[in-house]
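*Asks:* Structure file structure00.pdb, PDB, C-alpha atoms, pLDDT in the B column, is pasted below:
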MODEL        1
ATOM      1  CA  MET P   1     -25.774  -8.502  -4.627  1.00 46.00           C
ATOM      2  CA  THR P   2     -24.198  -8.217  -1.195  1.00 47.00           C
ATOM      3  CA  GLU P   3     -24.823  -5.419   1.260  1.00 48.00           C
ATOM      4  CA  ASN P   4     -21.349  -4.008   0.554  1.00 51.00           C
ATOM      5  CA  HIS P   5     -21.968  -4.017  -3.188  1.00 48.00           C
ATOM      6  CA  PRO P   6     -25.613  -3.154  -3.869  1.00 52.00           C
ATOM      7  CA  ALA P   7     -27.101  -3.809  -7.282  1.00 55.00           C
ATOM      8  CA  LYS P   8     -26.289  -1.131  -9.853  1.00 63.00           C
ATOM      9  CA  HIS P   9     -29.137   1.325 -10.222  1.00 62.00           C
ATOM     10  CA  ILE P  10     -30.459   2.174 -13.678  1.00 76.00           C
ATOM     11  CA  PHE P  11     -31.362   5.861 -13.789  1.00 80.00           C
ATOM     12  CA  ASP P  12     -34.559   7.110 -15.355  1.00 85.00           C
ATOM     13  CA  ASP P  13     -35.492  10.716 -16.181  1.00 84.00           C
ATOM     14  CA  HIS P  14     -36.843  11.363 -12.661  1.00 88.00           C
ATOM     15  CA  ASP P  15     -33.602  10.120 -11.075  1.00 87.00           C
ATOM     16  CA  ARG P  16     -31.508  12.307 -13.352  1.00 85.00           C
ATOM     17  CA  MET P  17     -33.733  15.306 -12.627  1.00 87.00           C
ATOM     18  CA  LEU P  18     -33.555  14.670  -8.874  1.00 89.00           C
ATOM     19  CA  ILE P  19     -29.764  14.364  -8.953  1.00 86.00           C
ATOM     20  CA  GLY P  20     -29.546  17.607 -10.936  1.00 83.00           C
ATOM     21  CA  LEU P  21     -31.754  19.412  -8.410  1.00 86.00           C
ATOM     22  CA  LEU P  22     -29.729  18.033  -5.491  1.00 85.00           C
ATOM     23  CA  ARG P  23     -26.515  19.220  -7.148  1.00 80.00           C
ATOM     24  CA  GLN P  24     -27.975  22.731  -7.263  1.00 80.00           C
ATOM     25  CA  ASP P  25     -29.243  22.622  -3.669  1.00 84.00           C
ATOM     26  CA  GLY P  26     -28.509  19.566  -1.551  1.00 84.00           C
ATOM     27  CA  ARG P  27     -30.544  21.078   1.297  1.00 87.00           C
ATOM     28  CA  ALA P  28     -33.749  21.576  -0.715  1.00 89.00           C
ATOM     29  CA  PRO P  29     -36.807  20.284   1.152  1.00 91.00           C
ATOM     30  CA  VAL P  30     -38.404  17.137  -0.215  1.00 93.00           C
ATOM     31  CA  SER P  31     -41.675  19.054  -0.701  1.00 94.00           C
ATOM     32  CA  LYS P  32     -39.925  21.648  -2.913  1.00 93.00           C
ATOM     33  CA  LEU P  33     -38.214  18.911  -4.957  1.00 93.00           C
ATOM     34  CA  ALA P  34     -41.550  17.116  -5.385  1.00 94.00           C
ATOM     35  CA  GLN P  35     -43.232  20.323  -6.552  1.00 95.00           C
ATOM     36  CA  ILE P  36     -40.505  21.061  -9.107  1.00 92.00           C
ATOM     37  CA  MET P  37     -40.535  17.462 -10.380  1.00 92.00           C
ATOM     38  CA  GLY P  38     -44.335  17.228 -10.452  1.00 94.00           C
ATOM     39  CA  VAL P  39     -44.434  14.091  -8.278  1.00 94.00           C
ATOM     40  CA  SER P  40     -45.437  13.271  -4.701  1.00 95.00           C
ATOM     41  CA  ARG P  41     -43.198  13.826  -1.666  1.00 95.00           C
ATOM     42  CA  GLY P  42     -43.230  10.062  -1.096  1.00 95.00           C
ATOM     43  CA  THR P  43     -41.913   9.448  -4.612  1.00 94.00           C
ATOM     44  CA  VAL P  44     -39.035  11.887  -4.070  1.00 94.00           C
ATOM     45  CA  GLN P  45     -38.205  10.415  -0.650  1.00 94.00           C
ATOM     46  CA  THR P  46     -38.265   6.846  -1.997  1.00 93.00           C
ATOM     47  CA  ARG P  47     -35.982   7.800  -4.886  1.00 92.00           C
ATOM     48  CA  MET P  48     -33.578   9.665  -2.585  1.00 91.00           C
ATOM     49  CA  ASP P  49     -33.449   6.671  -0.241  1.00 91.00           C
ATOM     50  CA  ARG P  50     -32.746   4.318  -3.166  1.00 89.00           C
ATOM     51  CA  LEU P  51     -30.059   6.614  -4.634  1.00 87.00           C
ATOM     52  CA  LEU P  52     -28.335   6.705  -1.242  1.00 87.00           C
ATOM     53  CA  ALA P  53     -28.733   2.948  -0.646  1.00 87.00           C
ATOM     54  CA  THR P  54     -27.251   2.022  -4.036  1.00 84.00           C
ATOM     55  CA  GLY P  55     -24.369   4.449  -3.646  1.00 80.00           C
ATOM     56  CA  ALA P  56     -25.417   6.533  -6.645  1.00 80.00           C
ATOM     57  CA  VAL P  57     -25.615   9.503  -4.260  1.00 81.00           C
ATOM     58  CA  LEU P  58     -22.874   9.424  -1.643  1.00 78.00           C
ATOM     59  CA  GLY P  59     -24.215  12.173   0.593  1.00 78.00           C
ATOM     60  CA  PHE P  60     -24.885  15.856   0.819  1.00 75.00           C
ATOM     61  CA  THR P  61     -22.135  18.404   1.296  1.00 69.00           C
ATOM     62  CA  ALA P  62     -21.661  22.142   1.353  1.00 63.00           C
ATOM     63  CA  ARG P  63     -20.295  23.650  -1.824  1.00 62.00           C
ATOM     64  CA  VAL P  64     -17.739  26.292  -0.962  1.00 59.00           C
ATOM     65  CA  ARG P  65     -16.548  28.977  -3.335  1.00 60.00           C
ATOM     66  CA  GLU P  66     -13.063  28.281  -4.642  1.00 56.00           C
ATOM     67  CA  ASP P  67     -11.851  31.623  -3.320  1.00 56.00           C
ATOM     68  CA  TYR P  68     -13.408  31.137   0.134  1.00 56.00           C
ATOM     69  CA  ASP P  69     -10.085  30.333   1.786  1.00 58.00           C
ATOM     70  CA  GLN P  70      -7.762  32.973   0.382  1.00 62.00           C
ATOM     71  CA  SER P  71      -4.813  31.687   2.408  1.00 68.00           C
ATOM     72  CA  ALA P  72      -4.839  28.189   0.909  1.00 84.00           C
ATOM     73  CA  ILE P  73      -2.426  27.317  -1.863  1.00 91.00           C
ATOM     74  CA  GLN P  74      -4.130  25.470  -4.701  1.00 92.00           C
ATOM     75  CA  ALA P  75      -2.353  23.662  -7.489  1.00 95.00           C
ATOM     76  CA  VAL P  76      -2.872  21.146 -10.252  1.00 97.00           C
ATOM     77  CA  MET P  77      -0.361  18.327 -10.646  1.00 97.00           C
ATOM     78  CA  MET P  78      -0.140  16.242 -13.814  1.00 97.00           C
ATOM     79  CA  ILE P  79       1.382  12.824 -13.181  1.00 97.00           C
ATOM     80  CA  GLU P  80       2.906  10.306 -15.584  1.00 96.00           C
ATOM     81  CA  VAL P  81       2.913   6.693 -14.377  1.00 95.00           C
ATOM     82  CA  MET P  82       5.448   4.016 -15.389  1.00 94.00           C
ATOM     83  CA  GLY P  83       4.095   0.916 -17.064  1.00 88.00           C
ATOM     84  CA  LYS P  84       1.119  -0.738 -15.445  1.00 89.00           C
ATOM     85  CA  ASN P  85       1.522   0.811 -11.988  1.00 88.00           C
ATOM     86  CA  THR P  86      -1.503   3.107 -12.184  1.00 91.00           C
ATOM     87  CA  SER P  87      -3.645   1.262  -9.623  1.00 92.00           C
ATOM     88  CA  GLN P  88      -0.766   1.114  -7.134  1.00 93.00           C
ATOM     89  CA  VAL P  89       0.020   4.812  -7.635  1.00 95.00           C
ATOM     90  CA  ILE P  90      -3.659   5.777  -7.225  1.00 94.00           C
ATOM     91  CA  ARG P  91      -3.843   3.858  -3.928  1.00 91.00           C
ATOM     92  CA  ARG P  92      -0.803   5.722  -2.605  1.00 92.00           C
ATOM     93  CA  LEU P  93      -2.041   9.110  -3.824  1.00 93.00           C
ATOM     94  CA  ARG P  94      -5.405   8.588  -2.135  1.00 90.00           C
ATOM     95  CA  GLY P  95      -3.502   8.405   1.142  1.00 88.00           C
ATOM     96  CA  LEU P  96      -2.427  12.039   0.815  1.00 90.00           C
ATOM     97  CA  PRO P  97      -5.142  14.250   2.324  1.00 86.00           C
ATOM     98  CA  GLU P  98      -3.820  17.329   0.517  1.00 90.00           C
ATOM     99  CA  LEU P  99      -4.914  15.800  -2.793  1.00 91.00           C
ATOM    100  CA  GLN P 100      -8.525  16.945  -2.900  1.00 87.00           C
ATOM    101  CA  VAL P 101      -9.480  15.226  -6.167  1.00 90.00           C
ATOM    102  CA  LEU P 102      -7.707  12.737  -8.397  1.00 93.00           C
ATOM    103  CA  HIS P 103      -8.608  12.303 -12.078  1.00 95.00           C
ATOM    104  CA  THR P 104      -7.544   9.740 -14.663  1.00 95.00           C
ATOM    105  CA  THR P 105      -6.909  11.274 -18.066  1.00 94.00           C
ATOM    106  CA  SER P 106      -5.988  10.506 -21.634  1.00 90.00           C
ATOM    107  CA  GLY P 107      -2.944  11.924 -23.375  1.00 87.00           C
ATOM    108  CA  LYS P 108       0.584  12.435 -22.054  1.00 91.00           C
ATOM    109  CA  TRP P 109      -0.420  12.605 -18.380  1.00 96.00           C
ATOM    110  CA  ASP P 110      -2.047   9.602 -16.724  1.00 96.00           C
ATOM    111  CA  LEU P 111      -3.417  11.374 -13.641  1.00 97.00           C
ATOM    112  CA  ILE P 112      -4.275  14.904 -12.570  1.00 97.00           C
ATOM    113  CA  ALA P 113      -4.398  15.803  -8.880  1.00 96.00           C
ATOM    114  CA  ASP P 114      -6.018  18.881  -7.352  1.00 95.00           C
ATOM    115  CA  ILE P 115      -3.817  19.940  -4.445  1.00 95.00           C
ATOM    116  CA  ARG P 116      -4.785  22.233  -1.548  1.00 91.00           C
ATOM    117  CA  VAL P 117      -2.316  23.127   1.226  1.00 92.00           C
ATOM    118  CA  GLU P 118      -1.874  25.889   3.791  1.00 88.00           C
ATOM    119  CA  THR P 119       1.818  26.754   3.353  1.00 91.00           C
ATOM    120  CA  LEU P 120       4.597  26.584   0.797  1.00 93.00           C
ATOM    121  CA  GLN P 121       6.404  24.159   3.110  1.00 95.00           C
ATOM    122  CA  ASP P 122       3.370  21.841   2.943  1.00 93.00           C
ATOM    123  CA  PHE P 123       3.290  22.284  -0.822  1.00 95.00           C
ATOM    124  CA  ASP P 124       6.970  21.348  -1.118  1.00 96.00           C
ATOM    125  CA  ARG P 125       6.441  18.294   1.124  1.00 95.00           C
ATOM    126  CA  VAL P 126       3.451  17.065  -0.936  1.00 95.00           C
ATOM    127  CA  LEU P 127       5.375  17.427  -4.206  1.00 96.00           C
ATOM    128  CA  ARG P 128       8.248  15.411  -2.717  1.00 96.00           C
ATOM    129  CA  GLU P 129       5.902  12.717  -1.384  1.00 95.00           C
ATOM    130  CA  VAL P 130       4.198  12.300  -4.758  1.00 96.00           C
ATOM    131  CA  ARG P 131       7.489  12.149  -6.648  1.00 95.00           C
ATOM    132  CA  LEU P 132       8.827   9.473  -4.267  1.00 95.00           C
ATOM    133  CA  ILE P 133       5.923   7.099  -4.948  1.00 95.00           C
ATOM    134  CA  ASP P 134       7.106   3.986  -6.801  1.00 95.00           C
ATOM    135  CA  GLY P 135       5.652   4.097 -10.295  1.00 95.00           C
ATOM    136  CA  VAL P 136       5.559   7.890 -10.680  1.00 96.00           C
ATOM    137  CA  ARG P 137       7.762   8.617 -13.687  1.00 95.00           C
ATOM    138  CA  ASN P 138       7.246  12.350 -14.108  1.00 95.00           C
ATOM    139  CA  SER P 139       5.083  15.206 -12.893  1.00 96.00           C
ATOM    140  CA  GLU P 140       4.368  18.828 -13.659  1.00 96.00           C
ATOM    141  CA  THR P 141       2.679  21.148 -11.201  1.00 97.00           C
ATOM    142  CA  SER P 142       1.070  24.556 -11.620  1.00 96.00           C
ATOM    143  CA  ILE P 143      -0.019  26.746  -8.726  1.00 95.00           C
ATOM    144  CA  LEU P 144      -3.418  28.339  -9.342  1.00 92.00           C
ATOM    145  CA  LEU P 145      -3.097  32.108  -8.935  1.00 90.00           C
ATOM    146  CA  SER P 146      -6.638  33.429  -9.426  1.00 82.00           C
ATOM    147  CA  SER P 147     -10.025  32.424 -10.795  1.00 76.00           C
ATOM    148  CA  VAL P 148     -11.238  34.465 -13.749  1.00 77.00           C
TER     149      VAL P 148
ENDMDL
END
Translate this file's structure into structure tokens.

*Replies:*
Amino acid sequence: MTENHPAKHIFDDHDRMLIGLLRQDGRAPVSKLAQIMGVSRGTVQTRMDRLLATGAVLGFTARVREDYDQSAIQAVMMIEVMGKNTSQVIRRLRGLPELQVLHTTSGKWDLIADIRVETLQDFDRVLREVRLIDGVRNSETSILLSSV
């Protein structure tokens, strides 16, 4: 495979365990991961390097509580796409930084977008921008009020 498209990695039990541990604590020291997994530090480091090189692990980020930024407006938008325009619509939606995550789905709605904005004016603008994308047939949006 080329450098831009590395060979697909086949996960074994150690890889799955390592990924699970990294999801819990992406900053865990290699020595701690090795101890938990019952393998050497070198084994853990080699596996981490391979997971990063193949793109199976994209990086390490901070997980922030959903209610960390109380001033942000969060919403979920369900989107129906006309015909076979899904790929085109996805490309356009990915260009909107306010869409934090985009999911494909089954059922009535083709896509679900997680939206995060600072103001109602931003929220209104994002809704308009999404609805103006060629290929978007219909949408329904719900603002998230609180986590329970």

*Asks:* At most 9 Å is the cut-off: for each residue in region 95-139 of chain P with any atom that close to an atom of region 76-87 of chain P, write down the nearest atom pair and the distance in Å rounded to one decimal, counting all atoms listed in the file, chain first then increasing number, as a tab-separated table.

*Replies:*
residue	atom	partner	partner_atom	distance
P:Lys108	CA	P:Glu80	CA	7.2
P:Trp109	CA	P:Glu80	CA	4.9
P:Asp110	CA	P:Glu80	CA	5.1
P:Leu111	CA	P:Ile79	CA	5.0
P:Ile112	CA	P:Met78	CA	4.5
P:Ala113	CA	P:Met77	CA	5.1
P:Asp114	CA	P:Val76	CA	4.8
P:Ile115	CA	P:Val76	CA	6.0
P:Arg116	CA	P:Val76	CA	9.0
P:Leu127	CA	P:Met77	CA	8.7
P:Val130	CA	P:Ile79	CA	8.9
P:Arg131	CA	P:Ile79	CA	9.0
P:Asp134	CA	P:Asn85	CA	8.3
P:Gly135	CA	P:Met82	CA	5.1
P:Val136	CA	P:Val81	CA	4.7
P:Arg137	CA	P:Val81	CA	5.3
P:Asn138	CA	P:Glu80	CA	5.0
P:Ser139	CA	P:Ile79	CA	4.4

*Asks:* Taking only C-alpha atoms into account, name the residue in P:Leu18, P:Ala28, P:Leu58, P:Val117 that is nearest to Thr43 (chain P).

*Replies:*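 Using only C-alpha atoms, Thr43 (chain P) sits closest to P:Leu18.
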
*Asks:* Where does the PyMOL selection byres ((chain P and resi 60) around 12) land in this file, that is, which residues does it pick, as a list in words?

*Replies:* Ile19, Leu22, Arg23, Gln24, Asp25, Gly26, Arg27, Ala28, Met48, Leu51, Leu52, Ala56, Val57, Leu58, Gly59, Thr61, Ala62 and Arg63 of chain P

*Asks:* For CA of Leu93 (chain P) and CA of Glu129 (chain P), quote the distance in Å rounded to one decimal.

*Replies:*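 Distance reported for this atom pair: 9.1 Å.
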
*Asks:* Mind pulling up the distance from CA of Leu21 (chain P) to CA of Leu102 (chain P)?

*Replies:*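 CA of Leu102 (chain P) sits 25.0 Å away from CA of Leu21 (chain P).
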
*Asks:* For the structure provided, state which residues fall under the PyMOL selection byres ((chain P and resi 122) around 12), and present them as a ChimeraX atom specification.

*Replies:* /P:72-74,96-99,115-121,123-129

*Asks:* Point out the residue among P:Thr105, P:Ile133, P:Asp15, P:Ser142 with the least atom-to-atom distance to Met37 (chain P), counting only C-alpha atoms.

*Replies:* P:Asp15

*Asks:* Which one is closest to Ile10 (chain P): P:Gln45, P:Thr54, P:Ser106, P:Gln35? Count all atoms listed in the file.

*Replies:*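 Of P:Gln45, P:Thr54, P:Ser106, P:Gln35, the one nearest Ile10 (chain P), counting all atoms listed in the file, is P:Thr54.
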
*Asks:* Using CA of Ala75 (chain P) and CA of Thr141 (chain P) as the two end points, give the distance in Å to one decimal.

*Replies:*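 Between these atoms lies a distance of 6.7 Å.
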